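Here is the file data_2.txt (compact mmCIF, C-alpha atoms).
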# COMPACT_ATOMS: atom_id res chain seq x y z
CA MET A 193 96.65 16.32 -52.77
CA ILE A 194 94.69 19.43 -51.85
CA THR A 195 92.34 20.23 -48.99
CA VAL A 196 88.74 21.38 -49.33
CA THR A 197 86.18 22.21 -46.64
CA ILE A 198 82.87 20.37 -46.99
CA ASN A 199 80.11 21.54 -44.62
CA GLY A 200 82.75 22.71 -42.15
CA LYS A 201 84.82 19.52 -42.27
CA LEU A 202 88.18 19.23 -43.96
CA ALA A 203 88.53 16.64 -46.71
CA ARG A 204 91.33 15.62 -49.02
CA ALA A 205 90.95 15.57 -52.77
CA LYS A 206 93.04 15.26 -55.88
CA GLU A 207 93.72 18.39 -57.90
CA GLY A 208 91.27 18.66 -60.79
CA GLU A 209 88.96 15.93 -59.51
CA MET A 210 85.29 16.83 -59.87
CA LEU A 211 83.56 17.96 -56.68
CA LEU A 212 80.76 15.38 -56.93
CA VAL A 213 83.29 12.54 -56.77
CA VAL A 214 84.84 14.06 -53.64
CA LEU A 215 81.41 14.58 -52.03
CA ARG A 216 80.30 11.03 -52.80
CA ARG A 217 83.56 9.71 -51.35
CA GLU A 218 82.88 11.68 -48.17
CA LYS A 219 79.47 9.91 -48.02
CA ILE A 220 77.45 13.08 -48.53
CA ASP A 221 74.07 12.43 -50.13
CA ILE A 222 73.93 14.57 -53.26
CA PRO A 223 71.15 13.73 -55.70
CA ALA A 224 72.31 13.35 -59.29
CA LEU A 225 70.54 11.69 -62.20
CA CYS A 226 72.84 12.24 -65.15
CA HIS A 227 76.11 11.28 -63.47
CA HIS A 228 78.03 8.15 -64.43
CA GLU A 229 81.70 7.47 -63.79
CA ALA A 230 82.21 5.87 -67.20
CA VAL A 231 81.49 9.05 -69.14
CA GLU A 232 82.55 12.68 -69.00
CA PRO A 233 80.40 14.89 -66.73
CA TYR A 234 77.65 16.73 -68.53
CA GLY A 235 75.69 18.81 -66.01
CA ALA A 236 72.26 18.12 -67.44
CA CYS A 237 70.11 17.29 -64.43
CA ARG A 238 71.28 20.29 -62.30
CA LEU A 239 70.42 18.44 -59.08
CA CYS A 240 74.01 18.22 -57.85
CA MET A 241 74.32 22.00 -57.39
CA VAL A 242 76.47 23.08 -54.43
CA GLU A 243 77.48 26.43 -53.02
CA ILE A 244 81.17 27.28 -53.18
CA THR A 245 83.23 30.10 -51.80
CA LYS A 246 86.82 30.88 -50.94
CA LYS A 247 88.37 32.95 -48.18
CA GLU A 248 89.72 35.51 -50.64
CA TRP A 249 86.32 35.99 -52.33
CA ASP A 250 85.22 38.46 -49.57
CA GLY A 251 81.95 36.68 -48.84
CA TRP A 252 80.94 36.20 -52.48
CA LYS A 253 79.38 32.85 -53.20
CA ASN A 254 78.69 30.86 -56.31
CA MET A 255 76.34 28.01 -57.08
CA VAL A 256 77.85 25.42 -59.39
CA THR A 257 77.05 21.90 -60.59
CA SER A 258 79.41 19.81 -58.51
CA CYS A 259 79.80 17.19 -61.27
CA LEU A 260 81.43 19.80 -63.53
CA TYR A 261 83.48 21.84 -61.05
CA PRO A 262 87.06 20.75 -60.45
CA ALA A 263 88.30 20.74 -56.87
CA ALA A 264 90.75 23.49 -55.98
CA ASP A 265 92.77 24.16 -52.85
CA GLY A 266 90.96 26.07 -50.11
CA LEU A 267 87.48 25.66 -51.58
CA ILE A 268 84.68 25.95 -49.01
CA ILE A 269 81.65 23.88 -50.03
CA GLN A 270 78.15 23.90 -48.59
CA THR A 271 75.84 21.14 -49.77
CA HIS A 272 72.54 21.60 -47.97
CA THR A 273 71.89 25.29 -47.40
CA THR A 274 68.34 26.68 -47.52
CA ASP A 275 68.99 28.22 -50.94
CA LEU A 276 70.23 24.93 -52.35
CA ILE A 277 67.30 22.94 -51.01
CA GLU A 278 64.94 25.55 -52.45
CA LEU A 279 66.77 25.28 -55.78
CA ARG A 280 66.55 21.49 -55.84
CA LYS A 281 62.86 21.72 -54.93
CA THR A 282 62.25 23.98 -57.92
CA ILE A 283 64.14 21.63 -60.25
CA LEU A 284 62.24 18.60 -58.96
CA ASP A 285 58.99 20.56 -59.29
CA LEU A 286 59.83 21.15 -62.95
CA TYR A 287 60.78 17.48 -63.40
CA LEU A 288 57.42 16.46 -61.93
CA ALA A 289 55.66 18.67 -64.47
CA ARG A 290 57.47 16.81 -67.23
CA CYS A 291 57.54 13.26 -65.82
CA PRO A 292 54.67 12.95 -63.32
CA ASN A 293 54.47 9.17 -63.55
CA THR A 294 58.13 8.28 -63.06
CA PRO A 295 58.75 6.45 -59.76
CA GLU A 296 62.41 7.55 -59.53
CA ILE A 297 61.50 11.24 -59.88
CA GLN A 298 58.53 10.91 -57.51
CA GLU A 299 60.72 9.29 -54.86
CA LEU A 300 63.42 11.95 -55.11
CA ALA A 301 60.84 14.75 -55.07
CA ALA A 302 59.13 13.27 -52.02
CA GLN A 303 62.49 13.32 -50.21
CA TYR A 304 62.58 17.07 -50.79
CA GLY A 305 58.93 17.48 -49.84
CA VAL A 306 57.51 18.00 -53.33
CA ASN A 307 54.52 15.77 -53.92
CA GLN A 308 52.62 17.70 -56.54
CA THR A 309 53.95 19.95 -59.26
CA SER A 310 53.04 23.61 -59.02
CA TYR A 311 53.55 24.11 -62.75
CA GLU A 312 51.25 23.22 -65.59
CA GLN A 313 51.71 19.62 -66.59
CA VAL A 314 53.06 18.65 -69.96
CA ALA A 315 50.28 17.40 -72.22
CA ASP A 316 51.82 14.03 -73.10
CA PRO A 317 54.20 13.16 -70.25
CA ASN A 318 56.96 10.62 -70.69
CA ASP A 319 59.77 9.41 -68.48
CA CYS A 320 62.68 10.93 -70.39
CA ILE A 321 64.44 13.84 -68.66
CA LEU A 322 66.79 14.41 -71.63
CA CYS A 323 69.91 14.00 -69.49
CA GLY A 324 71.75 12.43 -72.40
CA LEU A 325 73.31 9.66 -70.29
CA CYS A 326 72.23 6.97 -72.77
CA THR A 327 73.76 8.76 -75.75
CA ARG A 328 76.97 9.51 -73.85
CA ILE A 329 77.34 5.88 -72.79
CA CYS A 330 76.59 4.72 -76.34
CA ASP A 331 79.28 7.09 -77.64
CA ARG A 332 81.72 5.92 -74.96
CA MET A 333 81.21 2.30 -75.97
CA GLY A 334 81.95 3.27 -79.54
CA PHE A 335 78.59 2.63 -81.21
CA SER A 336 76.86 6.04 -81.32
CA ALA A 337 73.62 4.38 -82.33
CA ILE A 338 71.30 6.91 -80.67
CA SER A 339 71.40 10.66 -80.21
CA ALA A 340 69.27 13.62 -79.22
CA VAL A 341 67.13 14.81 -82.13
CA ASN A 342 65.30 18.12 -82.73
CA ARG A 343 65.50 21.17 -80.49
CA GLY A 344 63.41 22.86 -77.84
CA HIS A 345 60.03 21.25 -77.16
CA GLY A 346 60.52 18.55 -79.75
CA ARG A 347 63.87 17.37 -78.37
CA GLU A 348 63.99 13.64 -77.74
CA ILE A 349 66.35 10.69 -77.74
CA ALA A 350 65.99 8.60 -80.86
CA PRO A 351 67.95 6.54 -83.38
CA PRO A 352 68.78 8.22 -86.71
CA LEU A 353 65.63 9.02 -88.73
CA LYS A 354 63.66 7.18 -86.01
CA GLU A 355 64.25 3.93 -87.85
CA ALA A 356 65.84 0.76 -86.54
CA PRO A 357 69.41 1.91 -85.73
CA PRO A 358 71.99 0.19 -87.95
CA ASP A 359 74.85 0.77 -85.49
CA CYS A 360 73.06 -0.64 -82.42
CA VAL A 361 74.36 -4.00 -81.19
CA GLY A 362 71.74 -4.65 -78.51
CA CYS A 363 74.06 -4.43 -75.48
CA LEU A 364 71.34 -2.74 -73.33
CA ALA A 365 73.86 -0.35 -71.74
CA CYS A 366 71.56 2.62 -72.51
CA ALA A 367 68.46 0.98 -71.04
CA LEU A 368 70.13 -0.39 -67.89
CA ASN A 369 71.78 2.93 -67.01
CA CYS A 370 68.80 5.20 -67.75
CA PRO A 371 68.08 7.02 -64.47
CA THR A 372 64.33 6.98 -65.08
CA ASN A 373 63.98 3.63 -66.90
CA TYR A 374 62.58 5.38 -69.94
CA ILE A 375 64.27 3.17 -72.51
CA LYS A 376 62.20 0.05 -72.91
CA TYR A 377 63.40 -3.28 -74.19
CA THR A 378 61.98 -6.77 -74.35
CA ASP A 379 63.77 -10.09 -74.05
CA ILE A 380 61.42 -12.83 -75.23
CA GLY A 381 63.13 -16.17 -75.58
CA HIS A 382 66.22 -15.49 -77.63
CA ILE A 383 64.87 -12.38 -79.39
CA ARG A 384 65.73 -8.98 -77.94
CA GLU A 385 63.95 -5.89 -79.14
CA ILE A 386 65.23 -2.37 -78.42
CA TRP A 387 64.87 0.89 -80.37
CA GLY A 388 62.58 -0.93 -82.78
CA ARG A 389 65.26 -3.36 -83.90
CA LYS A 390 65.25 -7.08 -83.27
CA PHE A 391 68.40 -8.90 -82.18
CA GLU A 392 69.04 -12.60 -82.03
CA LEU A 393 70.66 -13.60 -78.75
CA LEU A 394 73.35 -16.25 -78.89
CA ARG A 395 72.34 -19.35 -77.02
CA ASP A 396 74.26 -21.65 -74.77
CA ALA A 397 74.83 -24.88 -76.70
CA ARG A 398 74.02 -27.12 -73.72
CA THR A 399 71.19 -25.41 -71.82
CA GLY A 400 69.84 -23.05 -74.47
CA GLN A 401 70.00 -20.03 -72.19
CA PRO A 402 70.58 -16.72 -73.99
CA THR A 403 73.90 -14.91 -73.55
CA ILE A 404 74.50 -11.70 -75.55
CA ALA A 405 73.27 -10.42 -78.91
CA ARG A 406 74.92 -11.88 -82.00
CA GLU A 407 75.85 -8.43 -83.31
CA PHE A 408 77.57 -7.55 -80.02
CA ALA A 409 79.53 -10.81 -80.03
CA GLU A 410 80.57 -10.21 -83.64
CA TYR A 411 81.72 -6.69 -82.77
CA LEU A 412 83.74 -7.91 -79.79
CA SER A 413 85.37 -10.76 -81.70
CA LYS A 414 86.23 -8.48 -84.60
CA HIS A 415 87.49 -5.40 -82.75
CA ARG A 416 88.68 -6.87 -79.46
CA ASN A 417 90.14 -10.12 -80.76
CA ILE A 418 88.10 -12.53 -78.65
CA ARG A 419 87.14 -15.92 -80.05
CA GLN A 420 83.47 -15.93 -80.94
CA ASP A 421 82.80 -19.41 -79.58
CA TYR A 422 83.46 -18.00 -76.09
CA PHE A 423 80.12 -16.22 -76.41
CA GLU A 424 78.23 -19.36 -77.32
CA GLN A 425 78.30 -20.65 -73.76
CA ASN A 426 76.98 -18.98 -70.66
CA ASP A 427 79.10 -18.57 -67.54
CA GLU A 428 77.72 -21.69 -65.86
CA SER A 429 78.67 -23.93 -68.79
CA HIS A 430 82.09 -22.29 -68.93
CA ARG A 431 82.62 -23.09 -65.25
CA LYS A 432 81.53 -26.71 -65.65
CA GLU A 433 83.86 -27.13 -68.61
CA THR A 434 86.71 -25.52 -66.65
CA ALA A 435 86.11 -27.88 -63.72
CA LEU A 436 86.19 -30.94 -66.00
CA GLY A 437 89.31 -29.72 -67.77
CA LEU A 438 91.20 -28.86 -64.61
CA GLY A 439 89.99 -32.12 -63.03
CA LYS A 440 91.63 -34.10 -65.84
CA ILE A 441 94.87 -32.17 -65.35
CA ALA A 442 94.71 -32.77 -61.59
CA ILE A 443 94.24 -36.55 -62.00
CA TRP A 444 96.96 -36.70 -64.66
CA SER A 445 99.47 -34.75 -62.61
CA ARG A 446 98.80 -36.95 -59.58
CA GLU A 447 99.62 -40.11 -61.53
CA VAL A 448 102.89 -38.72 -62.77
CA PRO A 449 105.66 -39.93 -60.43
CA GLN A 450 107.19 -37.02 -58.59
CA MET B 55 102.71 -8.68 -56.08
CA ASN B 56 104.85 -11.59 -55.05
CA SER B 57 102.04 -13.85 -53.92
CA ARG B 58 99.81 -16.12 -55.94
CA PHE B 59 96.46 -17.72 -55.22
CA ILE B 60 97.10 -21.43 -55.66
CA VAL B 61 94.30 -23.96 -56.17
CA THR B 62 95.15 -27.65 -55.69
CA PRO B 63 92.05 -29.58 -56.81
CA ILE B 64 93.39 -32.94 -55.64
CA LEU B 65 93.18 -31.76 -52.02
CA CYS B 66 89.64 -30.38 -52.33
CA THR B 67 86.94 -32.36 -50.54
CA GLY B 68 84.05 -30.36 -51.94
CA CYS B 69 83.01 -29.13 -48.49
CA ARG B 70 82.03 -25.72 -49.93
CA THR B 71 83.43 -23.79 -46.99
CA CYS B 72 85.14 -21.42 -49.44
CA GLU B 73 81.80 -20.66 -51.06
CA LEU B 74 80.30 -19.72 -47.70
CA ALA B 75 83.36 -17.72 -46.67
CA CYS B 76 83.23 -15.78 -49.95
CA SER B 77 79.51 -15.10 -49.64
CA PHE B 78 79.78 -13.88 -46.07
CA THR B 79 82.75 -11.71 -46.92
CA HIS B 80 81.30 -9.96 -49.94
CA ALA B 81 77.61 -9.90 -49.00
CA LYS B 82 76.21 -9.26 -45.59
CA ASP B 83 73.34 -11.72 -46.01
CA GLY B 84 75.70 -14.56 -46.97
CA LYS B 85 73.69 -16.01 -49.83
CA VAL B 86 75.64 -18.70 -51.65
CA GLY B 87 74.62 -17.27 -55.01
CA ARG B 88 76.80 -14.24 -54.32
CA SER B 89 79.94 -16.35 -54.12
CA ARG B 90 82.82 -15.79 -56.51
CA ILE B 91 84.19 -19.31 -56.07
CA TYR B 92 82.43 -22.48 -57.16
CA PRO B 93 83.62 -25.93 -56.05
CA LEU B 94 82.35 -28.06 -58.93
CA ASP B 95 82.48 -31.74 -59.86
CA GLY B 96 85.79 -32.47 -61.57
CA GLY B 97 84.53 -35.46 -63.58
CA PHE B 98 86.24 -38.15 -61.50
CA LYS B 99 85.24 -39.90 -58.31
CA ASP B 100 85.68 -37.66 -55.25
CA LEU B 101 87.37 -34.96 -57.27
CA TYR B 102 86.19 -31.41 -56.88
CA VAL B 103 87.65 -28.38 -58.57
CA PRO B 104 87.20 -24.95 -56.97
CA VAL B 105 86.59 -22.79 -60.05
CA VAL B 106 87.68 -19.24 -59.33
CA CYS B 107 89.04 -16.34 -61.37
CA LEU B 108 92.51 -17.28 -62.61
CA GLN B 109 93.66 -13.64 -62.95
CA CYS B 110 94.84 -14.44 -66.48
CA GLU B 111 97.54 -12.65 -68.35
CA ASP B 112 95.81 -10.68 -71.14
CA PRO B 113 92.31 -11.63 -69.93
CA ALA B 114 89.22 -11.77 -72.12
CA CYS B 115 87.18 -9.73 -69.61
CA VAL B 116 89.53 -6.76 -69.89
CA LYS B 117 89.64 -7.04 -73.68
CA SER B 118 85.85 -7.20 -73.91
CA CYS B 119 85.22 -4.22 -71.59
CA LEU B 120 84.44 -1.26 -73.83
CA VAL B 121 84.46 1.31 -71.00
CA ASP B 122 87.70 0.12 -69.29
CA ALA B 123 85.99 -0.70 -66.00
CA ILE B 124 88.26 -3.68 -65.26
CA TYR B 125 91.77 -2.76 -64.19
CA PHE B 126 94.82 -4.50 -62.84
CA ASN B 127 95.62 -3.88 -59.19
CA GLU B 128 99.40 -3.73 -58.96
CA ASN B 129 99.46 -4.37 -55.21
CA THR B 130 97.40 -7.56 -55.13
CA GLY B 131 97.86 -8.91 -58.63
CA ALA B 132 94.10 -9.14 -59.15
CA TYR B 133 91.88 -7.76 -61.88
CA GLU B 134 89.15 -5.73 -60.23
CA ILE B 135 85.90 -4.26 -61.52
CA ASN B 136 85.15 -0.64 -60.75
CA THR B 137 81.39 -0.95 -60.30
CA GLU B 138 80.96 2.82 -60.66
CA ILE B 139 82.32 2.71 -64.20
CA CYS B 140 80.69 -0.59 -65.21
CA VAL B 141 77.70 -0.09 -67.53
CA ARG B 142 76.45 -3.69 -67.12
CA CYS B 143 76.61 -4.60 -70.81
CA MET B 144 77.48 -8.20 -69.76
CA ALA B 145 80.27 -8.48 -72.33
CA CYS B 146 82.79 -9.73 -69.76
CA VAL B 147 80.31 -12.24 -68.32
CA ALA B 148 79.83 -13.75 -71.75
CA ALA B 149 83.48 -13.43 -72.78
CA CYS B 150 85.26 -15.10 -69.85
CA PRO B 151 86.15 -18.61 -71.09
CA PHE B 152 86.31 -19.86 -67.48
CA GLY B 153 82.94 -18.37 -66.46
CA CYS B 154 84.40 -16.48 -63.52
CA SER B 155 82.96 -13.07 -64.29
CA LEU B 156 79.52 -13.24 -62.71
CA PHE B 157 76.35 -11.20 -62.73
CA ASP B 158 74.71 -10.56 -59.38
CA THR B 159 71.01 -10.30 -60.15
CA GLN B 160 70.12 -9.00 -56.67
CA GLN B 161 72.25 -5.89 -56.84
CA ASN B 162 72.54 -5.61 -60.64
CA LEU B 163 76.31 -5.70 -60.47
CA VAL B 164 78.98 -7.62 -62.29
CA ILE B 165 81.23 -9.31 -59.75
CA LYS B 166 84.45 -11.24 -59.91
CA CYS B 167 87.14 -12.45 -57.53
CA ASP B 168 89.36 -9.56 -56.40
CA LEU B 169 91.48 -11.67 -54.00
CA CYS B 170 89.78 -9.76 -51.12
CA GLY B 171 92.27 -6.91 -51.55
CA GLY B 172 95.35 -9.11 -51.06
CA ASP B 173 94.21 -11.53 -48.35
CA PRO B 174 91.71 -14.09 -49.70
CA VAL B 175 89.33 -15.18 -46.95
CA CYS B 176 88.55 -18.52 -48.64
CA ALA B 177 92.22 -19.53 -48.27
CA HIS B 178 92.01 -18.96 -44.51
CA PHE B 179 88.91 -21.13 -44.22
CA CYS B 180 89.94 -24.01 -46.48
CA PRO B 181 90.36 -26.99 -44.11
CA THR B 182 92.54 -29.08 -46.45
CA LYS B 183 94.78 -26.31 -47.83
CA ALA B 184 93.43 -26.85 -51.33
CA LEU B 185 93.29 -23.07 -51.57
CA THR B 186 96.41 -21.23 -50.49
CA TYR B 187 97.73 -17.74 -50.96
CA LYS B 188 101.45 -17.67 -50.57
CA PRO B 189 104.52 -15.92 -51.88
CA ILE B 190 106.21 -17.58 -54.81
CA ALA B 191 109.51 -16.91 -56.48
CA ILE B 192 109.10 -15.25 -59.86

Translate this file's structure into structure tokens.
Amino acid sequence: MITVTINGKLARAKEGEMLLVVLRREKIDIPALCHHEAVEPYGACRLCMVEITKKEWDGWKNMVTSCLYPAADGLIIQTHTTDLIELRKTILDLYLARCPNTPEIQELAAQYGVNQTSYEQVADPNDCILCGLCTRICDRMGFSAISAVNRGHGREIAPPLKEAPPDCVGCLACALNCPTNYIKYTDIGHIREIWGRKFELLRDARTGQPTIAREFAEYLSKHRNIRQDYFEQNDESHRKETALGLGKIAIWSREVPQ
Amino acid sequence: MNSRFIVTPILCTGCRTCELACSFTHAKDGKVGRSRIYPLDGGFKDLYVPVVCLQCEDPACVKSCLVDAIYFNENTGAYEINTEICVRCMACVAACPFGCSLFDTQQNLVIKCDLCGGDPVCAHFCPTKALTYKPIAI
């Protein structure tokens, strides 16, 4: 265990732990859009910048992304200095120029007092901030169905060749973790559509309620050795069946003479 | 980890006190839908079975989790979900053959019984001792 100073208060941290994790644990409100514990830090959104210094640095300071900077002993961290707030304002100003209609960005910008972008707006705005969280989560889950394509202005998140992705299993992890809800999907009845590909959802045999996509269930049963008929019931049916099964055992064990 | 959570369905009266205790413990508003324990009809007259996570050996939820968000807590003997790591793909909810990995639609979180960190509140509130948490010899 090492000791760091956060806004004048001492806090304990593990060696090599990223600063953002320590700050979040100390209940300090640091905005971050591209951070997720399941994947490696990436430093794309730049909103989690903090100011660090050490006693032996003779007053020199450095601004770093806290999600990418490992904690070290004796680090002195400032999270809400005037410079940092100005920096976050500029970043949010730029985000507003790119995604003016995104509620999550608007809310965050309003917290920092930015209501209108001072830059020229992008001609065809969309909600994607290109943080790459969706592609990192997809890689982490082992599918790698989507990735960032093109460079510079034309950079966007898309499946290979912008066709229906063959590796996608319809798990929705990308869409549900997108910080700006850019990735759209539709669940109509037992058909799920995402990235232009249609998936058939498995249905509960008794109630007909959808569970997970057939491709996802096939992947799990093949690679993780889970019986596929587990996926053909939803959790409520599983519970009812468990209650009936355990009830039979309970009655049977009561009738057995002790 | 010398204690086990023991469910004795024959003693259960279906009073649903455990459901309320669980809801009030894990959610401040105490909605019954947030409960991790479900006293359900056992198929016989006056028989109720409290269905709760069995903390299986080699569980399907852990096998199905592709981001390793479910881990075994050595101190309590419970499998717990790290909600920071969870990506909400619902694989564990669909995979659990006992239906004890649940999705909380209000908070968009996957929840399951974590034995309240080693002291299950439902066991304290059960009036007939159908739910007990006691040390057993291994």

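We find atom CA of Lys253 of chain A and atom CA of Leu276 of chain A to be spaced 12.1 Å apart.
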
Q. Using all atoms listed in the file, which residues sit within 9 Å of Arg70 of chain B once same-chain residues fewer than 2 positions away are excluded, as a ChimeraX atom specification?
A. /B:67-68,72-75,92-93,104,180

Would you save the residues of that selection, restricted to C-alpha atoms, as a PDB file, keeping the file's coordinate frame?
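Result file follows (part-v6.pdb):
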ATOM      1  CA  THR B  67      86.940 -32.360 -50.540  1.00  0.00           C
ATOM      2  CA  GLY B  68      84.050 -30.360 -51.940  1.00  0.00           C
ATOM      3  CA  CYS B  72      85.140 -21.420 -49.440  1.00  0.00           C
ATOM      4  CA  GLU B  73      81.800 -20.660 -51.060  1.00  0.00           C
ATOM      5  CA  LEU B  74      80.300 -19.720 -47.700  1.00  0.00           C
ATOM      6  CA  ALA B  75      83.360 -17.720 -46.670  1.00  0.00           C
ATOM      7  CA  TYR B  92      82.430 -22.480 -57.160  1.00  0.00           C
ATOM      8  CA  PRO B  93      83.620 -25.930 -56.050  1.00  0.00           C
ATOM      9  CA  PRO B 104      87.200 -24.950 -56.970  1.00  0.00           C
ATOM     10  CA  CYS B 180      89.940 -24.010 -46.480  1.00  0.00           C
TER      11      CYS B 180
END

Could you give me, as JSON lines, every chain B residue with an atom at most 7 Å from chain A, plus its closest atom pair and distance in Å to one decimal, counting all atoms listed in the file, rows ordered by chain then number?
{"residue": "B:Pro63", "atom": "CA", "partner": "A:Ala442", "partner_atom": "CA", "distance": 6.3}
{"residue": "B:Ile64", "atom": "CA", "partner": "A:Ala442", "partner_atom": "CA", "distance": 6.1}
{"residue": "B:Leu94", "atom": "CA", "partner": "A:Ala435", "partner_atom": "CA", "distance": 6.1}
{"residue": "B:Asp95", "atom": "CA", "partner": "A:Ala435", "partner_atom": "CA", "distance": 6.6}
{"residue": "B:Gly96", "atom": "CA", "partner": "A:Gly439", "partner_atom": "CA", "distance": 4.5}
{"residue": "B:Gly97", "atom": "CA", "partner": "A:Leu436", "partner_atom": "CA", "distance": 5.4}
{"residue": "B:Leu101", "atom": "CA", "partner": "A:Gly439", "partner_atom": "CA", "distance": 6.9}
{"residue": "B:Val103", "atom": "CA", "partner": "A:Ala435", "partner_atom": "CA", "distance": 5.4}
{"residue": "B:Val105", "atom": "CA", "partner": "A:Ala435", "partner_atom": "CA", "distance": 6.3}
{"residue": "B:Ala114", "atom": "CA", "partner": "A:Ile418", "partner_atom": "CA", "distance": 6.7}
{"residue": "B:Lys117", "atom": "CA", "partner": "A:Arg416", "partner_atom": "CA", "distance": 5.9}
{"residue": "B:Ser118", "atom": "CA", "partner": "A:Arg416", "partner_atom": "CA", "distance": 6.2}
{"residue": "B:Leu120", "atom": "CA", "partner": "A:Met333", "partner_atom": "CA", "distance": 5.3}
{"residue": "B:Val121", "atom": "CA", "partner": "A:Met333", "partner_atom": "CA", "distance": 6.0}
{"residue": "B:Glu138", "atom": "CA", "partner": "A:Glu229", "partner_atom": "CA", "distance": 5.7}
{"residue": "B:Ile139", "atom": "CA", "partner": "A:Ala230", "partner_atom": "CA", "distance": 4.4}
{"residue": "B:Cys140", "atom": "CA", "partner": "A:Ala230", "partner_atom": "CA", "distance": 6.9}
{"residue": "B:Val141", "atom": "CA", "partner": "A:Ala365", "partner_atom": "CA", "distance": 5.7}
{"residue": "B:Arg142", "atom": "CA", "partner": "A:Ala365", "partner_atom": "CA", "distance": 6.3}
{"residue": "B:Cys143", "atom": "CA", "partner": "A:Ala365", "partner_atom": "CA", "distance": 5.1}
{"residue": "B:Val147", "atom": "CA", "partner": "A:Asp427", "partner_atom": "CA", "distance": 6.5}
{"residue": "B:Ala148", "atom": "CA", "partner": "A:Phe423", "partner_atom": "CA", "distance": 5.3}
{"residue": "B:Ala149", "atom": "CA", "partner": "A:Tyr422", "partner_atom": "CA", "distance": 5.6}
{"residue": "B:Pro151", "atom": "CA", "partner": "A:Tyr422", "partner_atom": "CA", "distance": 5.7}
{"residue": "B:Phe152", "atom": "CA", "partner": "A:His430", "partner_atom": "CA", "distance": 5.1}
{"residue": "B:Gly153", "atom": "CA", "partner": "A:Asp427", "partner_atom": "CA", "distance": 4.0}
{"residue": "B:Cys154", "atom": "CA", "partner": "A:Asp427", "partner_atom": "CA", "distance": 7.0}

Q: Choose the residue, out of B:Val86, B:Asp100, B:Leu169, B:Ala191, that has the smallest atom-to-atom separation from Asn129 of chain B; count all atoms listed in the file.
A: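 Ranking B:Val86, B:Asp100, B:Leu169, B:Ala191 by distance to Asn129 of chain B, first place goes to B:Leu169.
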
Q) From the list A:Ala340, A:Cys370, A:Met241, A:Leu288, which residue is nearest Leu325 of chain A when using all atoms listed in the file? A)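 Smallest distance to Leu325 of chain A is found for A:Cys370.
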
Q: State, in Å with one decimal place, the distance from atom CA of Lys414 of chain A to atom CA of Lys354 of chain A.
A: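 Calculated distance between atom CA of Lys414 of chain A and atom CA of Lys354 of chain A is 27.5 Å.
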
Q) Contacts of Glu128 of chain B at 12 Å or less, counting only C-alpha atoms, minus same-chain residues fewer than 4 places along, as a list in words? A) Met55, Asn56, Ser57, Ala132, Tyr133, Glu134, Asp168, Gly171 and Gly172 of chain B

Q) What gap, in Å, lies between atom CA of Pro351 of chain A and atom CA of Thr327 of chain A? A) 9.8 Å

List the spatial neighbours of Leu185 of chain B as a tab-separated table (two decimals) with C-alpha atoms, keeping the file's coordinate frame - criterion: any atom at most 9 Å away, all atoms listed in the file, same-chain residues fewer than 5 positions off excluded.
chain	number	residue	atom	x	y	z
B	59	PHE	CA	96.46	-17.72	-55.22
B	60	ILE	CA	97.10	-21.43	-55.66
B	61	VAL	CA	94.30	-23.96	-56.17
B	62	THR	CA	95.15	-27.65	-55.69
B	63	PRO	CA	92.05	-29.58	-56.81
B	65	LEU	CA	93.18	-31.76	-52.02
B	66	CYS	CA	89.64	-30.38	-52.33
B	72	CYS	CA	85.14	-21.42	-49.44
B	104	PRO	CA	87.20	-24.95	-56.97
B	176	CYS	CA	88.55	-18.52	-48.64
B	177	ALA	CA	92.22	-19.53	-48.27
B	178	HIS	CA	92.01	-18.96	-44.51
B	179	PHE	CA	88.91	-21.13	-44.22
B	180	CYS	CA	89.94	-24.01	-46.48

Q. From the list A:Gly381, A:Pro358, A:Gly251, A:Gly324, which residue is nearest Cys226 of chain A when using all atoms listed in the file?
A.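 That would be A:Gly324, the residue with the smallest distance to Cys226 of chain A.
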
**Q.** Proximity to Val106 of chain B - best of B:Lys166, B:Arg88, B:His80, B:Arg58, all atoms listed in the file
**A.**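 The answer is B:Lys166, which sits nearest to Val106 of chain B.
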
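Considering the residues B:Ser155, B:Ser77, B:Cys150, B:Gln161 and counting only C-alpha atoms, Asp112 of chain B has its shortest atom-to-atom contact with B:Cys150.
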
Q: Would you mind listing what lies within 10 Å of Val213 of chain A as a list in words, with only C-alpha atoms counted and same-chain residues fewer than 6 positions away left out?
A: Ala205, Lys219, His227, Glu229, Ser258, Cys259, Pro262 and Ala263 of chain A

Q) Which of these residues is nearest to Ala224 of chain A, using only C-alpha atoms: A:Gln298, A:Tyr311, A:Pro371, A:Ala264? A)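 Result for the nearest residue to Ala224 of chain A: A:Pro371.
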